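Okay, so here's the structure we're looking at.
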Amino acid sequence: MRQEFETKLVPQDIVVRQTDEKDVNIENNAGLWFPLIRVKDVVFHMDKIESLKYTVGKSLLPKITVVINDDDREFSEEQFPNIDDLITVRISNNNDTEHKPIKNDYSIIKVNSSPNTRLITIVAIHHIPTLHKYNNKSWNMSLFEVTKEIAKECDLGFITNINQSNDESNWICPRNYYDYLSYISERMELENDDVCKIFIDAFNNLNVISLRTAFDNRSPTQLLTNPVTGDKYDESIDVILSNKDYKDEDNNRVTINSWSPTTNYGEGFLKNKKITNYNQKVDERHIKSNLESFTIENINALDDSKENVFSTYVDSDTVSRNILTTRKRNKKLRSIYGQGTYVKSILDYFIYDIYPMMYVYSELYNKSRNSSLNSQDENIDIDELSEMKPKYKTNGAELNEEFTGDYIVVDVTYSFIKSNNRDNQIIHSLNMIKV
């Protein structure tokens, strides 16, 4: 990944209005253990924040959901928000001098409240002012270059792993940039077995990512600071996720609180195989084989010359057929890249250095043979289960060879959950696909 230019967007300050008409900026009091939230002229005390959920990578724009406890009715009576009002959120660790805080404005798209409850739920999306304005603009360049021009006009930064796309032409945007970026992702022409993913990250960068390049990447993600204290490491360390309880003080692994596997290979994929001792092996080249068969199918259907149709389709009779072919190809490729074994890993603290489309190595252990993983196999009876012996015994944990390995982060979710019985809970959830 490379950053070609930085964002110019500046969110509004988070201030407390005083009776003497002086504003007090309280952002220096922000900490890792609770978010700062401003809605209109109200900044909420931590006790009023029931929960916050912030997701990046699932769609073009980050999305945030906040639940407020308005027990004194002050907020609902004086500052109740409307659609398109702004909410400003800052997530940070003030001890961390290496990373910028995640601080952005969001446009409210939904507000829920009820007379039977004092809870108010606010749903908002990342606020990029120019992104939703209608434009009638044209460019004579590749679609990859068009995405850079859109990022500049919207004051966004730009991150990519693509050098160029093979689709230079006259392109017209008769709508807003939000819709047009979806249009571009469907039609950008990369190499034969490649397709792009476009999203805006937590730091106001437009990411235009080649999935093939991302999936082939094995460069370790670097951790610059201690995620709990914010202290800078003397030397950056390679990120390795692990749920093993290491006792030595020199361990640099990022601790996972829990993990769970999912899949979209097909219905019943997990429950029909033995998690810790099974004979059915998954083809690690599943994606590659799908791509090869897909390429052959398209050659047979569209090009009798046995040459790669994707490098020659521009010679087709009509431009409309070319665009349709590219769109169908990209849709199919995106579906193929999305097939695989997924793992959702839960961390008890927030890490700035891990975000969508990054590579991480995960070292995953079954805590016991009676774990929820093993119980998913309905083909194993109790006697057979009792005879299973773990191959790796370390602190009561057994290495899960099927799910340990290389992963690409698909999307990330940061959550804050208030607890009356114990400390408030910070959850950093990583949805990852095995590559």
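If you're wondering about the labels, chains in the structure tokens are A, B, ... by order shown, residues count from 1 in each chain, ligands from 1 in order shown.
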
Contacts of segment 36-103 of chain A with segment 223-235 of chain A up to 8 Å, shortest pair per row, only C-alpha atoms, as JSON lines:
```
{"residue": "A:Asn93", "atom": "CA", "partner": "A:Gly230", "partner_atom": "CA", "distance": 6.4}
{"residue": "A:Asn94", "atom": "CA", "partner": "A:Gly230", "partner_atom": "CA", "distance": 7.6}
{"residue": "A:Asn95", "atom": "CA", "partner": "A:Gly230", "partner_atom": "CA", "distance": 5.0}
{"residue": "A:Asp96", "atom": "CA", "partner": "A:Gly230", "partner_atom": "CA", "distance": 4.1}
{"residue": "A:Thr97", "atom": "CA", "partner": "A:Gly230", "partner_atom": "CA", "distance": 7.5}
{"residue": "A:Glu98", "atom": "CA", "partner": "A:Lys232", "partner_atom": "CA", "distance": 7.2}
```

Ile83 of chain A proximity check over A:Thr55, A:Ser107, A:Asn243, A:Asn330, using only C-alpha atoms: winner is A:Ser107

Residues of segment 77-224 of chain A classed as strand (DSSP E or B) by DSSP on the backbone are to be reported as an MDAnalysis selection string. chainID A and resid 86:91 102:113 119:126 134 137:141 157:160 169:173 176 196:200 205:210 222:224

If we count only C-alpha atoms, what is near Ile346 of chain A at a cut-off of 8 Å, once residues fewer than 2 positions away on the same chain are taken out, given as a PyMOL selection string? chain A and resi 256-259+344+348+427-430

What separates atom CA of Ile240 of chain A and atom CA of Asp353 of chain A is a distance of 12.1 Å

Could you give me the residues within segment 79-227 of chain A that DSSP places in alpha helix (DSSP H), as JSON, numbers by chain? {"A": [143, 144, 145, 146, 147, 148, 149, 150, 151, 152, 153, 177, 178, 179, 180, 181, 182, 183, 184, 185, 186, 187, 211, 212, 213, 214, 215, 216]}

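With atom CA of Ser219 of chain A on one side and atom CA of Val343 of chain A on the other, the separation reads 19.8 Å.
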
Which segment 75-100 of chain A residues have any atom within 12 Å of an atom of segment 111-135 of chain A, and for each, what is the nearest pair of atoms with distance in Å to one decimal, counting only C-alpha atoms, rows sorted by chain and number, as a tab-separated table?
```
residue	atom	partner	partner_atom	distance
A:Phe75	CA	A:Ile120	CA	9.5
A:Ser76	CA	A:Ile120	CA	8.4
A:Glu77	CA	A:Arg118	CA	11.9
A:Phe80	CA	A:Val111	CA	9.3
A:Pro81	CA	A:Val111	CA	7.5
A:Asn82	CA	A:Val111	CA	7.5
A:Ile83	CA	A:Val111	CA	7.5
A:Asp84	CA	A:Ala124	CA	8.6
A:Asp85	CA	A:Ala124	CA	9.2
A:Leu86	CA	A:His127	CA	7.9
A:Ile87	CA	A:Ala124	CA	7.6
A:Thr88	CA	A:His127	CA	9.5
A:Val89	CA	A:His126	CA	10.5
```

Taking 2 positions as the minimum chain separation for residues in the same chain, which residues sit within 6 Å of segment 154-165 of chain A when counting only C-alpha atoms? Answer as an MDAnalysis selection string. chainID A and resid 1:9 130 144 151:152 167 189:190 204:209

Could you give me, as a list in words, the residues within 9 Å of segment 405-407 of chain A, counting only C-alpha atoms and dropping anything in the same chain fewer than 4 positions from it?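 So, after excluding close chain neighbours, the residues are Phe215, Arg218, Tyr342, Val343, Met358, Tyr359, Val360, Tyr361, Ser362, Glu363, Leu364, Glu401, Met432, Ile433, Lys434 and Val435 of chain A.
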
Please dump the current selection as an mmCIF file, in the first residue's frame; keep N, CA and C atoms.
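Heads up, here's the output in selection_12.cif:
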```
data_model
loop_
_atom_site.group_PDB
_atom_site.id
_atom_site.type_symbol
_atom_site.label_atom_id
_atom_site.label_comp_id
_atom_site.auth_asym_id
_atom_site.auth_seq_id
_atom_site.Cartn_x
_atom_site.Cartn_y
_atom_site.Cartn_z
ATOM 1 N N PHE A 215 -4.216 -9.980 -1.805
ATOM 2 C CA PHE A 215 -4.244 -11.394 -1.421
ATOM 3 C C PHE A 215 -2.871 -12.045 -1.571
ATOM 4 N N ARG A 218 2.443 -10.735 1.510
ATOM 5 C CA ARG A 218 2.827 -11.418 2.743
ATOM 6 C C ARG A 218 3.794 -10.550 3.572
ATOM 7 N N TYR A 342 -13.416 -17.710 6.646
ATOM 8 C CA TYR A 342 -13.312 -16.461 7.392
ATOM 9 C C TYR A 342 -13.156 -16.751 8.878
ATOM 10 N N VAL A 343 -12.476 -15.855 9.562
ATOM 11 C CA VAL A 343 -12.359 -15.912 11.018
ATOM 12 C C VAL A 343 -12.654 -14.524 11.573
ATOM 13 N N MET A 358 -5.228 -5.323 4.967
ATOM 14 C CA MET A 358 -3.877 -5.566 5.447
ATOM 15 C C MET A 358 -3.676 -7.049 5.738
ATOM 16 N N TYR A 359 -2.434 -7.491 5.604
ATOM 17 C CA TYR A 359 -2.070 -8.883 5.880
ATOM 18 C C TYR A 359 -1.711 -9.044 7.351
ATOM 19 N N VAL A 360 -2.225 -10.108 7.972
ATOM 20 C CA VAL A 360 -1.824 -10.458 9.334
ATOM 21 C C VAL A 360 -1.697 -11.978 9.433
ATOM 22 N N TYR A 361 -0.747 -12.423 10.237
ATOM 23 C CA TYR A 361 -0.616 -13.849 10.511
ATOM 24 C C TYR A 361 -1.334 -14.146 11.825
ATOM 25 N N SER A 362 -2.161 -15.199 11.820
ATOM 26 C CA SER A 362 -2.946 -15.546 13.004
ATOM 27 C C SER A 362 -2.566 -16.931 13.496
ATOM 28 N N GLU A 363 -2.232 -17.000 14.779
ATOM 29 C CA GLU A 363 -1.850 -18.245 15.444
ATOM 30 C C GLU A 363 -3.008 -18.586 16.391
ATOM 31 N N LEU A 364 -3.848 -19.534 15.967
ATOM 32 C CA LEU A 364 -5.121 -19.771 16.649
ATOM 33 C C LEU A 364 -5.124 -21.125 17.355
ATOM 34 N N GLU A 401 -4.553 -26.217 13.340
ATOM 35 C CA GLU A 401 -3.769 -26.111 12.110
ATOM 36 C C GLU A 401 -4.619 -25.659 10.927
ATOM 37 N N MET A 432 -11.680 -11.519 8.961
ATOM 38 C CA MET A 432 -10.527 -11.824 8.112
ATOM 39 C C MET A 432 -10.799 -13.049 7.240
ATOM 40 N N ILE A 433 -10.201 -13.065 6.048
ATOM 41 C CA ILE A 433 -10.311 -14.213 5.149
ATOM 42 C C ILE A 433 -8.941 -14.868 5.018
ATOM 43 N N LYS A 434 -8.929 -16.205 5.066
ATOM 44 C CA LYS A 434 -7.686 -16.962 4.967
ATOM 45 C C LYS A 434 -7.215 -16.987 3.521
ATOM 46 N N VAL A 435 -5.922 -16.737 3.322
ATOM 47 C CA VAL A 435 -5.375 -16.676 1.960
ATOM 48 C C VAL A 435 -4.173 -17.604 1.830
#
```

Met141 of chain A surroundings by only C-alpha atoms, 9 Å radius, close-in-sequence under 5 positions cut, as a JSON list (two decimals) with all heavy atoms, in the first residue's frame:
```
[["chain", "number", "residue", "atom", "x", "y", "z"],
["A", 146, "VAL", "N", -9.27, 8.62, -12.61],
["A", 146, "VAL", "CA", -10.51, 9.31, -12.23],
["A", 146, "VAL", "C", -10.72, 9.24, -10.72],
["A", 146, "VAL", "O", -11.12, 10.22, -10.08],
["A", 146, "VAL", "CB", -11.72, 8.70, -12.98],
["A", 146, "VAL", "CG1", -13.03, 9.25, -12.40],
["A", 146, "VAL", "CG2", -11.64, 9.02, -14.46],
["A", 167, "ASP", "N", -8.12, 1.09, -19.04],
["A", 167, "ASP", "CA", -9.44, 1.51, -19.53],
["A", 167, "ASP", "C", -9.48, 3.00, -19.85],
["A", 167, "ASP", "O", -10.51, 3.65, -19.62],
["A", 167, "ASP", "CB", -10.52, 1.17, -18.49],
["A", 167, "ASP", "CG", -10.12, 1.55, -17.08],
["A", 167, "ASP", "OD1", -9.31, 2.49, -16.92],
["A", 167, "ASP", "OD2", -10.59, 0.91, -16.13],
["A", 168, "GLU", "N", -8.40, 3.52, -20.38],
["A", 168, "GLU", "CA", -8.39, 4.95, -20.73],
["A", 168, "GLU", "C", -9.45, 5.24, -21.78],
["A", 168, "GLU", "O", -9.53, 4.58, -22.82],
["A", 168, "GLU", "CB", -7.01, 5.37, -21.23],
["A", 168, "GLU", "CG", -6.91, 6.86, -21.52],
["A", 168, "GLU", "CD", -5.51, 7.31, -21.85],
["A", 168, "GLU", "OE1", -4.56, 6.56, -21.56],
["A", 168, "GLU", "OE2", -5.37, 8.43, -22.41],
["A", 169, "SER", "N", -10.28, 6.25, -21.49],
["A", 169, "SER", "CA", -11.37, 6.59, -22.39],
["A", 169, "SER", "C", -11.96, 7.91, -21.94],
["A", 169, "SER", "O", -11.43, 8.58, -21.06],
["A", 169, "SER", "CB", -12.43, 5.48, -22.37],
["A", 169, "SER", "OG", -13.46, 5.76, -23.30],
["A", 170, "ASN", "N", -13.06, 8.32, -22.57],
["A", 170, "ASN", "CA", -13.83, 9.46, -22.11],
["A", 170, "ASN", "C", -14.89, 8.97, -21.12],
["A", 170, "ASN", "O", -15.76, 8.18, -21.48],
["A", 170, "ASN", "CB", -14.51, 10.17, -23.28],
["A", 170, "ASN", "CG", -13.52, 10.87, -24.18],
["A", 170, "ASN", "OD1", -12.65, 11.60, -23.71],
["A", 170, "ASN", "ND2", -13.63, 10.66, -25.48],
["A", 171, "TRP", "N", -14.80, 9.43, -19.89],
["A", 171, "TRP", "CA", -15.72, 9.01, -18.84],
["A", 171, "TRP", "C", -16.53, 10.20, -18.36],
["A", 171, "TRP", "O", -15.99, 11.29, -18.15],
["A", 171, "TRP", "CB", -14.95, 8.40, -17.66],
["A", 171, "TRP", "CG", -14.16, 7.18, -18.04],
["A", 171, "TRP", "CD1", -12.83, 7.12, -18.29],
["A", 171, "TRP", "CD2", -14.67, 5.87, -18.24],
["A", 171, "TRP", "NE1", -12.46, 5.83, -18.62],
["A", 171, "TRP", "CE2", -13.57, 5.03, -18.59],
["A", 171, "TRP", "CE3", -15.93, 5.29, -18.13],
["A", 171, "TRP", "CZ2", -13.71, 3.69, -18.85],
["A", 171, "TRP", "CZ3", -16.08, 3.94, -18.40],
["A", 171, "TRP", "CH2", -14.97, 3.15, -18.75]]
```

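The nearest approach to Val42 of chain A among the residues A:Ile417, A:Ile91, A:Glu402, A:Ile68, with only C-alpha atoms taken into account, belongs to A:Ile68.
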